[in-house]
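> A single structure is presented below for examination.
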Amino acid sequence: MPISEQTLETLEFPKILERLARHTAFSASRELALALIPSTDAYVIRRAIELTSEARRLLDERPDITIGGARDIRGAIGLARRGGVLEASALLEVSATLASGRRLRASLLKLDPALFPMLNELAADLPNLPAIEDAITTTIGDDGTVLDSASPLLGRLRAEVRVAFGRLQDKLQNIVSSSQYSDALQENIITVRNGRYVVPVKAANKRTVRGLVHDQSASGATLYIEPFAIVELNNKW
């Protein structure tokens, strides 16, 4: 027969749970601590005491064992289960949690099963999903960016973009550093207008740098021109 809520309140059991919850590592474990209910089943009580004793002994002998890195990923898992798309940050938290569980599992399985039978049993049930870990770590960088290794196509496209950008910049640098255009340029710089790379040209010398005018300064003295020589390179990039 379960213990009544009134009795638990009289014994100030919720306060005990709150004190216990202060020692938890993150939200999921805190919720588990606060949801604990005393049992009246002798078998359940005995196993709980044995498990607690093992855990205390483990912390005494191996204080380095931890669930460090684990996150509360229940929301992300629920979204994925419904077919939703996870943000990069959520995927990194999934990967970190799987890695934490894998390390904890390996540590617990190395314990002497004669001294830690229940922890060995729990460890065997912890998920070990290295394929998912690898899929995330080879796709998402530590800063949350999608890596070139996410797919062969993405890697190839990004390589092509880098090559195209390099050629574009080289050509622009040749233009702004050329003596042919030194008098025509307002400044020897490269800038962007409307998503296109351009150079600032003195309005009076616009015929010297033939190209497409994308913008002009407030005074009208400077025109931002995309030289015809780089139009195709801009397009390719």
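Ordered as shown in the structure tokens, chains take letters A, B, and onward, while each chain numbers its residues from 1 and ligands are numbered from 1 in the order shown.
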Could you name the residues that touch Val198 (chain A) at 10 Å or less, counting only C-alpha atoms, but leaving out those on the same chain fewer than 4 positions away, as a list of chain:residue names?
A:Leu172, A:Ile189, A:Ile190, A:Thr191, A:Val192, A:Arg193, A:Asn194, A:Gly211, A:Leu212, A:Val213, A:His214, A:Asp215, A:Leu223, A:Tyr224, A:Ile225, A:Glu226, A:Pro227, A:Ile230, A:Val231, A:Asn234
> List as a PDB file with N, CA and C atoms, in the first residue's frame the protein and nucleic acid residues near Met118 (chain A), meaning an atom at most 9 Å away when only C-alpha atoms are counted, but skip any in the same chain fewer than 6 places from it.

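Listing of selection07.pdb after writing:
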```
ATOM      1  N   ARG A  47      16.627  -3.677  -2.919  1.00  0.00           N
ATOM      2  CA  ARG A  47      17.427  -3.417  -4.139  1.00  0.00           C
ATOM      3  C   ARG A  47      17.866  -1.957  -4.200  1.00  0.00           C
ATOM      4  N   GLU A  50      20.765  -1.583  -1.866  1.00  0.00           N
ATOM      5  CA  GLU A  50      21.959  -2.219  -2.430  1.00  0.00           C
ATOM      6  C   GLU A  50      22.560  -1.358  -3.542  1.00  0.00           C
ATOM      7  N   LEU A  51      21.697  -0.806  -4.390  1.00  0.00           N
ATOM      8  CA  LEU A  51      22.174   0.033  -5.486  1.00  0.00           C
ATOM      9  C   LEU A  51      22.825   1.302  -4.942  1.00  0.00           C
ATOM     10  N   GLU A  54      26.233   0.458  -3.592  1.00  0.00           N
ATOM     11  CA  GLU A  54      27.207   0.309  -4.676  1.00  0.00           C
ATOM     12  C   GLU A  54      27.653   1.668  -5.204  1.00  0.00           C
TER      13      GLU A  54
END
```
> Would you kindly return, as a VMD selection string, each protein, DNA or RNA residue with an atom no farther than 12 Å from any atom of Pro130 (chain A), considering only C-alpha atoms and excluding same-chain residues fewer than 6 positions away?
chain A and resid 94 to 103 136 to 138
> As number ranges by chain, please: the residues near Ser178 (chain A) (cut-off 12 Å, only C-alpha atoms, same-chain neighbours under 5 positions excluded).
A: 171-173, 183-185, 188-189, 209
> Kindly export the residues of the current selection with C-alpha atoms, as a short mmCIF file (atom, residue, chain, number, x, y, z; two decimals), in the first residue's frame.

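Okay, this is what ended up in again-v2.cif:
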```cif
data_model
loop_
_atom_site.label_atom_id
_atom_site.label_comp_id
_atom_site.auth_asym_id
_atom_site.auth_seq_id
_atom_site.Cartn_x
_atom_site.Cartn_y
_atom_site.Cartn_z
CA LYS A 171 41.77 39.55 -60.34
CA LEU A 172 40.43 42.38 -58.18
CA GLN A 173 43.78 42.79 -56.44
CA ASP A 183 44.40 57.66 -61.10
CA ALA A 184 40.86 56.42 -61.73
CA LEU A 185 40.28 54.76 -58.37
CA ASN A 188 42.81 51.13 -53.73
CA ILE A 189 40.21 48.95 -52.00
CA VAL A 209 37.27 51.45 -65.59
#
```
> Compare A:Ala124, A:Leu111, A:Ala204, A:Leu11 by their minimum atom-to-atom distance to Ala221 (chain A), counting only C-alpha atoms, and give me the closest one.
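With only C-alpha atoms as the atom set, the closest residue is A:Ala204.
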> From the DSSP assignment of the backbone, select every residue of chain A that is alpha helix (DSSP H), and format the answer as a ChimeraX atom specification.
/A:5-10,13-21,27-34,42-61,74-81,88-109,117-125,130-137,152-177,228-236
> What is the distance between CA of Val44 (chain A) and CA of Ala106 (chain A), in Å to one decimal?
26.7 Å
> A:Asp64, A:Glu93, A:Glu232, A:Glu5: which is nearest Pro38 (chain A), counting only C-alpha atoms?
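Of the candidates, the smallest distance to Pro38 (chain A) is held by A:Glu5.
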> I want to know what sits within 12 Å of region 28-31 of chain A, based on only C-alpha atoms, with residues of the same chain fewer than 2 positions away left out; could you give that as a ChimeraX atom specification?
/A:17-26,33-36,67,70-75
> Name the residues of region 2-210 of chain A that come out as strand (DSSP E) in a backbone DSSP run; write them as a ChimeraX atom specification.
/A:191-193,196-202
> Can I get the selection written as a short mmCIF file (atom, residue, chain, number, x, y, z; two decimals), in the first residue's frame, with N, CA and C atoms?

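Dumped everything to result_27.cif:
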```
data_model
loop_
_atom_site.label_atom_id
_atom_site.label_comp_id
_atom_site.auth_asym_id
_atom_site.auth_seq_id
_atom_site.Cartn_x
_atom_site.Cartn_y
_atom_site.Cartn_z
N THR A 191 35.34 46.44 -52.38
CA THR A 191 34.17 46.47 -51.52
C THR A 191 33.02 45.72 -52.19
N VAL A 192 31.87 45.70 -51.54
CA VAL A 192 30.73 44.93 -52.05
C VAL A 192 29.51 45.84 -52.16
N ARG A 193 28.80 45.72 -53.25
CA ARG A 193 27.53 46.40 -53.44
C ARG A 193 26.56 45.42 -54.10
N ARG A 196 27.78 42.02 -55.01
CA ARG A 196 28.81 41.91 -56.05
C ARG A 196 30.06 42.66 -55.59
N TYR A 197 31.21 42.11 -55.91
CA TYR A 197 32.46 42.80 -55.59
C TYR A 197 32.71 43.90 -56.59
N VAL A 198 33.04 45.07 -56.07
CA VAL A 198 33.23 46.26 -56.91
C VAL A 198 34.44 47.05 -56.42
N VAL A 199 34.82 48.07 -57.22
CA VAL A 199 35.89 48.98 -56.83
C VAL A 199 35.35 50.41 -56.89
N PRO A 200 35.84 51.29 -56.01
CA PRO A 200 35.37 52.68 -56.00
C PRO A 200 36.12 53.52 -57.05
N VAL A 201 35.37 54.05 -57.97
CA VAL A 201 35.96 54.79 -59.09
C VAL A 201 35.52 56.24 -59.04
N LYS A 202 36.45 57.14 -59.32
CA LYS A 202 36.10 58.55 -59.41
C LYS A 202 35.12 58.75 -60.56
#
```
> Could you state the separation of CA of Arg167 (chain A) and CA of Arg210 (chain A) in Å, given to one decimal place?
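Spanning CA of Arg167 (chain A) to CA of Arg210 (chain A) is a straight-line distance of 19.5 Å.
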> Which polymer residues have any atom within 12 Å of an atom of Ser53 (chain A), counting only C-alpha atoms, with same-chain residues fewer than 4 positions away left out, as a count of residues only?
13
> Grab the CA of Gln180 (chain A) to CA of Arg207 (chain A) distance for me, in Å with one decimal place.
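CA of Arg207 (chain A) lies at a distance of 12.5 Å from CA of Gln180 (chain A).
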